[in-house]
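Notes follow the structure.
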Amino acid sequence: MVKNSFISVITQEEKEENSGSVEFQVFHFTSKIRRLTSHLELHKRDFLSQRGLRRILGKRQRLLTYLSKKKKVRYKKLMDQLNIREPKTR
C-alpha cells in the first residue's frame, strides 16, 4: 500500500476551521474508504477491516443523505469533487 496516494482537496487551514462540517466529514470518510479498499484488495480475508469499511460507508451515506436534503447545491458540488456516484433510489 502506498501512503499519501490520495490528494487532499481541503487545505490545512480549512481542516482546522471546519473539521466538524458535513463536507469535511464526508471527505474524511471517503479517504478512509479508499484506503481501506486498497488494503482489502491485498488482504481479502481481513474480515474486521471489511466490517469497519461497512460502518464507514453507512456513516458517509447518512451524512450524504442529510446534505442532499438540507443543502442540495453543496451536495452536488461535493459529489462532483470527490467522484462519488449518486445513490440508487428506491
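Quick note on naming: the chains in the C-alpha cells go A, B, ... in the order shown, residues restart at 1 in each chain, and ligands are numbered from 1 in order of appearance.
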
Shell around Val26 of chain A at 8 Å using only C-alpha atoms, local window under 4 positions removed, as a ChimeraX atom specification: /A:22,30,60,63-64

Please write the residues from the selection above to a file, keeping N, CA, C and O atoms, as an mmCIF file, in the first residue's frame.
```
data_model
loop_
_atom_site.group_PDB
_atom_site.id
_atom_site.type_symbol
_atom_site.label_atom_id
_atom_site.label_comp_id
_atom_site.auth_asym_id
_atom_site.auth_seq_id
_atom_site.Cartn_x
_atom_site.Cartn_y
_atom_site.Cartn_z
ATOM 1 N N VAL A 22 -20.088 19.011 7.576
ATOM 2 C CA VAL A 22 -20.526 17.792 6.911
ATOM 3 C C VAL A 22 -19.605 17.470 5.741
ATOM 4 O O VAL A 22 -19.229 16.312 5.532
ATOM 5 N N THR A 30 -14.401 9.433 2.995
ATOM 6 C CA THR A 30 -14.066 8.973 1.647
ATOM 7 C C THR A 30 -12.603 8.571 1.565
ATOM 8 O O THR A 30 -12.268 7.545 0.957
ATOM 9 N N ARG A 60 -21.038 7.572 6.069
ATOM 10 C CA ARG A 60 -20.938 8.521 4.961
ATOM 11 C C ARG A 60 -22.273 8.631 4.234
ATOM 12 O O ARG A 60 -22.687 9.735 3.855
ATOM 13 N N LEU A 63 -24.607 10.886 6.202
ATOM 14 C CA LEU A 63 -24.227 12.294 6.059
ATOM 15 C C LEU A 63 -24.606 12.836 4.687
ATOM 16 O O LEU A 63 -25.082 13.970 4.567
ATOM 17 N N LEU A 64 -24.408 12.028 3.639
ATOM 18 C CA LEU A 64 -24.764 12.478 2.293
ATOM 19 C C LEU A 64 -26.271 12.638 2.146
ATOM 20 O O LEU A 64 -26.736 13.563 1.476
#
```

Write out as a ChimeraX atom specification the residues lying within 10 Å of segment 76-86 of chain A, counting only C-alpha atoms and excluding same-chain residues fewer than 3 positions away. /A:9,23-24,26-27,30-31,64,67-68,71-73,89

Just want the 8 Å neighbourhood of segment 54-59 of chain A, counted on only C-alpha atoms, with same-chain residues fewer than 3 positions away dropped. Output as an NGL selection string. :A and (29 or 32-33 or 50-51 or 62-63)

Per-residue DSSP, segment 50-90 of chain A, filtered to alpha helix (DSSP H), as number ranges by chain: A: 50-70, 72-82

Do you have the atom CA of Leu40 of chain A-atom CA of Gly20 of chain A distance handy?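 So the answer is 28.1 Å.
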
Could you tell me how far atom CA of Glu17 of chain A lies from atom CA of Arg74 of chain A, in Å and to one decimal?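 Computing the Euclidean distance for atom CA of Glu17 of chain A and atom CA of Arg74 of chain A yields 17.6 Å.
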